[in-house]
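Chemist: Dropping the structure in here first, questions after.
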Amino acid sequence: MSSAQNMTLNLKIWRQNNNSSEGKLVDYRVENVSPDMSFLEMIDVLNNQLVRKGEDPVAFDHDCREGICGMCSMMINGKAHGGYKNTTTCQVHMRLYKDGDTIVIEPFRAAAFPVVKDLAVDRSAIDKVMAAGGYISANTGNAPDANSILIPKPVAEEAMDAAACIGCGACVASCPNGSGMLFMGAKVSQLALLPQGSVESPKRALNMVYTHDNLGFGNCTTHAECEATCPKGISIEHIARMNREYLKAAFTYHEKKRSEGAG
Amino acid sequence: MMTSAVNHYFRSSIGRKHLVAITGLLLCGFLLGHLTGNLLLIAGPDAFNLYAHKLMSLGPVLYLIEAALTAVFVIHLGLAIKLNLENKKAKGKYQMKKCTGRGTTFMSATMPYTGIVLLIFIILHLMNLKFGTNYPTTVDGVEMRDLYRTTMEYFQNPVNVLWYVFSMICAGLHTAHGFASAFQSLGANHPKYYPKIKLISYLYAIVIGGGFSFLSVWAYMKGV
Ligand code: SF4
Ligand code: FES
């Protein structure tokens with residue numbers, strides 16, 4: 001019942017100057033950690049200590065701190081975002097730890113995510129896969145009437161489940177194969193389910209998978225570790241839907257010749 | 001630029017996965033057929049030898065089937081090795097311990113190892129039995145190979161039985177993950193039926209692993 005008591009924690013944090021230098025785990029001790037703090041606030045406390053001592057603070061990514069931006073990538077005790085159900089690192093609270101605990105903090109590990117510094121990795125490979133087709137091309141014009149295209153509720157729900165992906169990369173980091181199938185599958189699946197997105201589905205599946213493979217992501221072997229770790233609870237059913245879309249596209253898609261400016 | 005979608009398919013992550021899945025399912029089918037045939041061992045030497053003789057007398061058709069089976073096996077093995085090496089590389093320089101919530105299982109994590117055991121097993125298996133001692137026998141006046149005797153003699157050595165049972169446990173572990181995973185790879189995952197596929201996958205693994213193991217132990221107990 002020491003929930004209100006402040007804690008002292010032993011941290012082992014991965015320190016690495018840049019992508020070409022060697023990294024190693026360094027021991028730190030932080031005192032006065034309130035159980036009400038978030039995990040990132042705990043690192044803030046440590047960094048304040050380090051700055052006061054004239055040392056280099058730990059670099060880590062963060063932005064919204066409310067579980068929606070997907071920036072706070074790190075492995076906590078070997079698990080992406082700490083491995084708590086549907087939780088990003090910024091939403092992990094220190095009450096989950098006990099006084100005297102040792103916590104190992106490492107960056108996301110994947111060849112497609114090179115380390116920038118310490119815990120900060122370059123996850124722009126995700127953006128590149130998205131840029132290869134994770135959108136629809138439509139003239140937006142004026143806002144259309146909300147109910148002009150009717151979508152059955154269960155379909156809308158499923159698409160929304162897939163759309164919950166925040167592009168955090170935890171799926172890639174926790175995958176023993178470093179594969180990006182879950183976030184890519186979520187996008188392909190979300191858009192394939194909806195009338196606005198299904199038009200371009202074949203081309204999207206082909207281009208996104210092509211880009212994914214070329215960026216050095218691994219191949220899925222259905223461990224389903226991604227599904228277990230995803231802070232947004234995305235299911236590998238979406239990978240299966242992408243596999244279907246891709247299979248269809250590979251054998252039926254035919255790029256029609258289009259005159260410039262038309263379409 | 002997507003110049004040729006089909007061409008890219010056979011080099012892509014998902015396309016090659018499909019091939020591993022399809023060849024894997026074909027091999028699963030073969031295993032089931034093989035087990036059914038082996039059950040004739042219990043029916044006695046004549047039934048088993050007649051069955052083997054019937055297969056052998058298919059002649060060119062048998063060679064065709066064997067060639068196809070070899071091709072399926074080589075594709076499955078070759079692609080699996082290739083994909084695995086790529087995956088090692090994709091994980092990067094710092095390999096982490098396999099973190100697991102409820103994702104990775106013992107079966108999925110050991111796929112490459114159980115696969116290698118099965119490769120060694122198949123080579124030894126062909127050498128010891130298919131290309132093993134050729135005893136002649138006559139059933140109903142027809143001369144044929146006494147494969148029954150070759151088989152039963154092989155299983156009189158407890159080391160052979162142990163290795164066989166170990167390999168079949170590996171086959172069970174390999175197919176327990178592989179069978180269901182093949183459906184997921186091919187895009188057949190839906191809450192309506194995927195739990196059933198998983199169940200069938202486990203049942204299949206138990207039947208294969210248990211069935212072959214049982215027969216080897218049975219042969220050992222029965223003696224020549
Ligand atoms: S699928 Fe889940 S784990 Fe992967 S990037 Fe999206 S939110 Fe993160
Ligand atoms: S900081 Fe935005 S999701 Fe954690």
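Ligands are numbered from 1 in the order shown, residues from 1 within each chain, and chains are lettered A, B, ... in the order they appear in the structure tokens.
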Please find the residues contacting ligand 2 at a distance of at most 9 Å between atoms, with only C-alpha atoms and all ligand atoms counted, and report them as a list in words.

Modeler: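 Taking only C-alpha atoms and all ligand atoms into account, the residues around ligand 2 at most 9 Å away are Leu40, Asp61, His62, Asp63, Cys64, Arg65, Glu66, Gly67, Ile68, Cys69, Gly70, Met71, Cys72, Ser73, His81, Thr87, Thr88, Thr89, Cys90, Gln91, Ile166 and Cys168 of chain A.
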
Chemist: Emit the selected residues as a PDB file, in the first residue's frame, including C-alpha atoms.

Modeler:
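What ended up in part.pdb:
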```pdb
ATOM      1  CA  LEU A  40       7.994  10.106 -19.872  1.00  0.00           C
ATOM      2  CA  ASP A  61      10.847  11.079 -28.909  1.00  0.00           C
ATOM      3  CA  HIS A  62       7.548  12.387 -27.597  1.00  0.00           C
ATOM      4  CA  ASP A  63       4.911  14.852 -28.616  1.00  0.00           C
ATOM      5  CA  CYS A  64       1.265  14.635 -27.598  1.00  0.00           C
ATOM      6  CA  ARG A  65       1.785  12.680 -24.382  1.00  0.00           C
ATOM      7  CA  GLU A  66      -1.821  11.574 -24.609  1.00  0.00           C
ATOM      8  CA  GLY A  67      -1.528   8.434 -26.687  1.00  0.00           C
ATOM      9  CA  ILE A  68      -2.444   9.724 -30.114  1.00  0.00           C
ATOM     10  CA  CYS A  69       0.676  10.877 -31.943  1.00  0.00           C
ATOM     11  CA  GLY A  70       2.692   7.672 -31.828  1.00  0.00           C
ATOM     12  CA  MET A  71       6.020   9.368 -31.146  1.00  0.00           C
ATOM     13  CA  CYS A  72       6.979   7.898 -27.782  1.00  0.00           C
ATOM     14  CA  SER A  73       8.786   4.861 -29.135  1.00  0.00           C
ATOM     15  CA  HIS A  81       5.662   0.700 -24.921  1.00  0.00           C
ATOM     16  CA  THR A  87      -1.095   1.649 -23.900  1.00  0.00           C
ATOM     17  CA  THR A  88       1.556   3.932 -25.362  1.00  0.00           C
ATOM     18  CA  THR A  89       4.676   4.780 -23.346  1.00  0.00           C
ATOM     19  CA  CYS A  90       3.325   8.235 -22.504  1.00  0.00           C
ATOM     20  CA  GLN A  91       0.240   6.606 -20.972  1.00  0.00           C
ATOM     21  CA  ILE A 166      -1.124   5.944 -34.892  1.00  0.00           C
ATOM     22  CA  CYS A 168       3.989   4.347 -33.668  1.00  0.00           C
TER      23      CYS A 168
END
```

Chemist: Would you kindly report the residues of chain B within 6 Å of chain A, using only C-alpha atoms, as a ChimeraX atom specification?

Modeler: /B:5-6,13,87,90-92,99,101-104,108,181,184,187,189

Chemist: Any residue with an atom at most 7 Å from ligand 1 counts, using only C-alpha atoms and all ligand atoms. Which are they? Put them as a CSV table (one decimal) with C-alpha atoms, in the first residue's frame.

Modeler:
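Saved the output as out_30.csv:
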```csv
chain,number,residue,atom,x,y,z
A,70,GLY,CA,2.7,7.7,-31.8
A,164,ALA,CA,-7.0,3.7,-35.1
A,165,CYS,CA,-3.3,3.1,-36.1
A,166,ILE,CA,-1.1,5.9,-34.9
A,167,GLY,CA,2.0,4.9,-36.8
A,168,CYS,CA,4.0,4.3,-33.7
A,169,GLY,CA,6.0,1.4,-35.0
A,170,ALA,CA,5.6,-0.8,-32.0
A,171,CYS,CA,4.4,-3.6,-34.3
A,172,VAL,CA,7.7,-3.4,-36.2
A,182,LEU,CA,0.5,-4.6,-39.2
A,183,PHE,CA,0.6,-0.9,-39.8
A,186,ALA,CA,-4.2,-1.5,-41.2
A,226,CYS,CA,2.5,-7.1,-33.3
A,229,THR,CA,1.8,-5.2,-28.5
A,230,CYS,CA,-0.1,-2.7,-30.7
A,231,PRO,CA,-1.3,0.2,-28.4
A,232,LYS,CA,-4.4,0.5,-30.5
A,233,GLY,CA,-5.3,-3.1,-30.5
A,234,ILE,CA,-5.1,-3.6,-34.3
```

Chemist: Using only C-alpha atoms, which residues sit within 9 Å of B:Phe48 once same-chain residues fewer than 5 positions away are excluded, as a PyMOL selection string?

Modeler: chain B and resi 37-43+53+146-148

Chemist: Grab the residues selected above and save them as an mmCIF file, in the first residue's frame with C-alpha atoms.

Modeler:
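Contents of out20.cif, as written:
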```cif
data_model
loop_
_atom_site.group_PDB
_atom_site.id
_atom_site.type_symbol
_atom_site.label_atom_id
_atom_site.label_comp_id
_atom_site.auth_asym_id
_atom_site.auth_seq_id
_atom_site.Cartn_x
_atom_site.Cartn_y
_atom_site.Cartn_z
ATOM 1 C CA GLY B 37 -0.877 -45.723 -45.730
ATOM 2 C CA ASN B 38 1.341 -46.534 -42.758
ATOM 3 C CA LEU B 39 -1.670 -47.594 -40.708
ATOM 4 C CA LEU B 40 -1.752 -50.675 -42.963
ATOM 5 C CA LEU B 41 1.323 -51.854 -41.026
ATOM 6 C CA ILE B 42 -1.110 -52.866 -38.303
ATOM 7 C CA ALA B 43 -3.156 -54.861 -40.802
ATOM 8 C CA HIS B 53 3.531 -52.597 -54.387
ATOM 9 C CA ASP B 146 9.005 -56.813 -48.432
ATOM 10 C CA LEU B 147 8.890 -53.201 -47.245
ATOM 11 C CA TYR B 148 7.091 -54.397 -44.129
#
```

Chemist: For atom CA of B:Thr110 and atom CA of B:Tyr164, quote the distance in Å rounded to one decimal.

Modeler: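 So the two atoms, atom CA of B:Thr110 and atom CA of B:Tyr164, lie 18.4 Å apart.
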
Chemist: Figure out the distance between atom CA of A:Ser124 and atom CA of A:Trp14, please, to one decimal in Å.

Modeler: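 Computing the Euclidean distance for atom CA of A:Trp14 and atom CA of A:Ser124 yields 20.9 Å.
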
Chemist: Record the distance separating atom CA of A:Val26 and atom CA of A:Asp118, expressed in Å with one decimal.

Modeler: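 Value for the atom CA of A:Val26-atom CA of A:Asp118 distance: 10.6 Å.
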
Chemist: Would you pick out the contacts of A:Leu9 at 6 Å or less, using only C-alpha atoms, so that residues sharing its chain but fewer than 3 positions from it are not included, and give the list as a PDB file with N, CA and C atoms, in the first residue's frame?

Modeler:
```
ATOM      1  N   ARG A  29      20.191   6.291 -11.619  1.00  0.00           N
ATOM      2  CA  ARG A  29      19.327   6.158 -10.451  1.00  0.00           C
ATOM      3  C   ARG A  29      18.477   7.401 -10.394  1.00  0.00           C
ATOM      4  N   VAL A  30      17.153   7.227 -10.355  1.00  0.00           N
ATOM      5  CA  VAL A  30      16.306   8.419 -10.184  1.00  0.00           C
ATOM      6  C   VAL A  30      15.566   8.306  -8.876  1.00  0.00           C
ATOM      7  N   GLY A 100      12.566   0.669  -5.983  1.00  0.00           N
ATOM      8  CA  GLY A 100      13.734  -0.197  -6.110  1.00  0.00           C
ATOM      9  C   GLY A 100      13.775  -1.027  -7.377  1.00  0.00           C
ATOM     10  N   ASP A 101      12.735  -0.916  -8.198  1.00  0.00           N
ATOM     11  CA  ASP A 101      12.709  -1.683  -9.459  1.00  0.00           C
ATOM     12  C   ASP A 101      13.853  -1.267 -10.384  1.00  0.00           C
TER      13      ASP A 101
END
```

Chemist: Write down as a VMD selection string the residues of stretch 30-251 of chain A whose backbone DSSP state falls under strand (DSSP E).

Modeler: chain A and resid 30 to 33 75 to 76 79 to 80 102 to 106 115 to 117 120 to 121

Chemist: Would you output that residue set with all heavy atoms, as a short mmCIF file (atom, residue, chain, number, x, y, z; two decimals), in the first residue's frame?

Modeler:
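To be explicit, this is the file written out as result03.cif:
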```cif
data_model
loop_
_atom_site.label_atom_id
_atom_site.label_comp_id
_atom_site.auth_asym_id
_atom_site.auth_seq_id
_atom_site.Cartn_x
_atom_site.Cartn_y
_atom_site.Cartn_z
N VAL A 30 17.15 7.23 -10.36
CA VAL A 30 16.31 8.42 -10.18
C VAL A 30 15.57 8.31 -8.88
O VAL A 30 15.01 7.26 -8.56
CB VAL A 30 15.23 8.62 -11.29
CG1 VAL A 30 15.68 9.58 -12.33
CG2 VAL A 30 14.78 7.32 -11.86
N GLU A 31 15.58 9.41 -8.16
CA GLU A 31 14.90 9.43 -6.88
C GLU A 31 13.64 10.27 -6.98
O GLU A 31 13.45 11.01 -7.95
CB GLU A 31 15.84 10.02 -5.81
CG GLU A 31 16.81 8.96 -5.30
CD GLU A 31 18.11 9.55 -4.78
OE1 GLU A 31 18.14 10.75 -4.48
OE2 GLU A 31 19.09 8.78 -4.71
N ASN A 32 12.80 10.14 -5.99
CA ASN A 32 11.61 10.98 -5.92
C ASN A 32 10.67 10.84 -7.10
O ASN A 32 10.14 11.81 -7.61
CB ASN A 32 12.02 12.44 -5.82
CG ASN A 32 11.90 12.92 -4.39
OD1 ASN A 32 11.04 12.41 -3.65
ND2 ASN A 32 12.75 13.85 -4.01
N VAL A 33 10.50 9.61 -7.56
CA VAL A 33 9.56 9.39 -8.67
C VAL A 33 8.18 9.18 -8.07
O VAL A 33 7.96 8.23 -7.31
CB VAL A 33 9.97 8.17 -9.51
CG1 VAL A 33 8.93 7.90 -10.58
CG2 VAL A 33 11.34 8.37 -10.12
N MET A 75 11.52 0.64 -26.00
CA MET A 75 11.31 -0.70 -25.45
C MET A 75 11.51 -0.60 -23.94
O MET A 75 12.56 -0.18 -23.48
CB MET A 75 12.31 -1.71 -26.01
CG MET A 75 12.33 -1.84 -27.52
SD MET A 75 10.78 -2.41 -28.23
CE MET A 75 10.90 -4.16 -28.01
N ILE A 76 10.50 -0.96 -23.17
CA ILE A 76 10.61 -0.94 -21.71
C ILE A 76 10.66 -2.39 -21.24
O ILE A 76 9.72 -3.14 -21.50
CB ILE A 76 9.41 -0.20 -21.08
CG1 ILE A 76 9.30 1.21 -21.69
CG2 ILE A 76 9.56 -0.15 -19.57
CD1 ILE A 76 8.03 1.94 -21.30
N LYS A 79 9.87 -4.81 -23.98
CA LYS A 79 8.58 -4.78 -24.66
C LYS A 79 8.28 -3.37 -25.18
O LYS A 79 8.50 -2.39 -24.46
CB LYS A 79 7.46 -5.23 -23.72
CG LYS A 79 7.64 -6.68 -23.33
CD LYS A 79 6.40 -7.24 -22.70
CE LYS A 79 6.63 -8.73 -22.42
NZ LYS A 79 5.81 -9.23 -21.36
N ALA A 80 7.75 -3.30 -26.39
CA ALA A 80 7.43 -2.01 -26.96
C ALA A 80 6.36 -1.33 -26.11
O ALA A 80 5.35 -1.95 -25.76
CB ALA A 80 6.95 -2.17 -28.39
N THR A 102 14.30 -2.23 -11.18
CA THR A 102 15.24 -1.91 -12.25
C THR A 102 14.49 -1.97 -13.57
O THR A 102 13.81 -2.95 -13.85
CB THR A 102 16.41 -2.93 -12.26
OG1 THR A 102 17.07 -2.88 -11.00
CG2 THR A 102 17.39 -2.62 -13.37
N ILE A 103 14.60 -0.91 -14.35
CA ILE A 103 13.89 -0.86 -15.63
C ILE A 103 14.90 -0.67 -16.75
O ILE A 103 15.74 0.22 -16.71
CB ILE A 103 12.87 0.31 -15.65
CG1 ILE A 103 11.96 0.26 -14.42
CG2 ILE A 103 12.05 0.27 -16.92
CD1 ILE A 103 11.03 1.45 -14.29
N VAL A 104 14.81 -1.56 -17.75
CA VAL A 104 15.70 -1.46 -18.91
C VAL A 104 14.97 -0.71 -20.02
O VAL A 104 13.85 -1.08 -20.38
CB VAL A 104 16.12 -2.86 -19.41
CG1 VAL A 104 17.08 -2.74 -20.59
CG2 VAL A 104 16.73 -3.67 -18.28
N ILE A 105 15.57 0.36 -20.51
CA ILE A 105 14.92 1.16 -21.56
C ILE A 105 15.82 1.20 -22.79
O ILE A 105 16.97 1.63 -22.73
CB ILE A 105 14.65 2.60 -21.07
CG1 ILE A 105 13.99 2.57 -19.68
CG2 ILE A 105 13.75 3.33 -22.07
CD1 ILE A 105 13.86 3.93 -19.05
N GLU A 106 15.28 0.70 -23.90
CA GLU A 106 16.05 0.65 -25.14
C GLU A 106 15.26 1.28 -26.28
O GLU A 106 14.04 1.40 -26.20
CB GLU A 106 16.34 -0.81 -25.51
CG GLU A 106 17.32 -1.50 -24.59
CD GLU A 106 17.32 -2.99 -24.83
OE1 GLU A 106 16.45 -3.68 -24.27
OE2 GLU A 106 18.15 -3.47 -25.61
N VAL A 115 18.80 4.15 -35.37
CA VAL A 115 18.86 5.00 -34.17
C VAL A 115 19.39 6.37 -34.55
O VAL A 115 20.37 6.50 -35.28
CB VAL A 115 19.78 4.34 -33.10
CG1 VAL A 115 20.03 5.32 -31.96
CG2 VAL A 115 19.14 3.07 -32.57
N VAL A 116 18.72 7.41 -34.09
CA VAL A 116 19.21 8.77 -34.31
C VAL A 116 20.14 9.13 -33.16
O VAL A 116 21.28 9.52 -33.34
CB VAL A 116 18.05 9.77 -34.40
CG1 VAL A 116 18.57 11.20 -34.54
CG2 VAL A 116 17.13 9.42 -35.56
N LYS A 117 19.63 8.96 -31.96
CA LYS A 117 20.43 9.19 -30.74
C LYS A 117 19.69 8.55 -29.57
O LYS A 117 18.46 8.71 -29.48
CB LYS A 117 20.62 10.68 -30.51
CG LYS A 117 21.52 11.03 -29.32
CD LYS A 117 21.74 12.54 -29.31
CE LYS A 117 22.29 13.10 -28.01
NZ LYS A 117 23.30 12.39 -27.31
N ALA A 120 15.88 7.75 -29.43
CA ALA A 120 15.18 8.30 -30.61
C ALA A 120 15.60 7.55 -31.86
O ALA A 120 16.79 7.42 -32.15
CB ALA A 120 15.49 9.78 -30.74
N VAL A 121 14.61 7.01 -32.57
CA VAL A 121 14.91 6.32 -33.83
C VAL A 121 14.21 7.05 -34.98
O VAL A 121 13.25 7.80 -34.77
CB VAL A 121 14.45 4.84 -33.81
CG1 VAL A 121 15.20 4.06 -32.75
CG2 VAL A 121 12.95 4.73 -33.61
#
```

Chemist: Can you pull out every residue within 8 Å of stretch 138-144 of chain B, counting only C-alpha atoms, but drop anything in the same chain fewer than 3 positions away, and send it as an NGL selection string?

Modeler: :B and (46 or 49-50 or 53)

Chemist: Stretch 120-129 of chain B: which residues within 8 Å, counting only C-alpha atoms, same-chain residues fewer than 2 positions away excluded, as an MDAnalysis selection string?

Modeler: chainID B and resid 116:118 131:133 147 150:151 154 164 167

Chemist: Env of stretch 34-36 of chain A: 7 Å cut, atoms = only C-alpha atoms, seq-sep filter 2 positions within chain, self excluded. Answer as a PyMOL selection string.

Modeler: chain A and resi 3-7+32+38+93-95

Chemist: Would you save the residues of that selection, restricted to N, CA and C atoms, as a compact mmCIF listing (two decimals), in the first residue's frame?

Modeler:
```
# COMPACT_ATOMS: atom_id res chain seq x y z
N SER A 3 1.26 3.22 -2.43
CA SER A 3 0.94 3.85 -3.70
C SER A 3 1.25 5.35 -3.70
N ALA A 4 1.14 6.01 -2.56
CA ALA A 4 1.35 7.46 -2.56
C ALA A 4 2.82 7.79 -2.33
N GLN A 5 3.60 6.78 -1.97
CA GLN A 5 5.00 7.03 -1.63
C GLN A 5 5.86 7.22 -2.89
N ASN A 6 6.76 8.18 -2.83
CA ASN A 6 7.67 8.34 -3.96
C ASN A 6 8.69 7.22 -4.00
N MET A 7 9.18 6.91 -5.23
CA MET A 7 10.05 5.74 -5.38
C MET A 7 11.43 6.15 -5.84
N ASN A 32 12.80 10.14 -5.99
CA ASN A 32 11.61 10.98 -5.92
C ASN A 32 10.67 10.84 -7.10
N SER A 38 3.87 10.04 -15.35
CA SER A 38 3.88 9.13 -16.50
C SER A 38 5.32 8.69 -16.72
N HIS A 93 1.95 4.63 -16.46
CA HIS A 93 2.16 5.39 -15.23
C HIS A 93 3.09 4.67 -14.28
N MET A 94 3.79 5.46 -13.50
CA MET A 94 4.83 4.89 -12.65
C MET A 94 4.26 4.07 -11.50
N ARG A 95 2.96 4.17 -11.28
CA ARG A 95 2.35 3.34 -10.22
C ARG A 95 2.43 1.85 -10.59
```
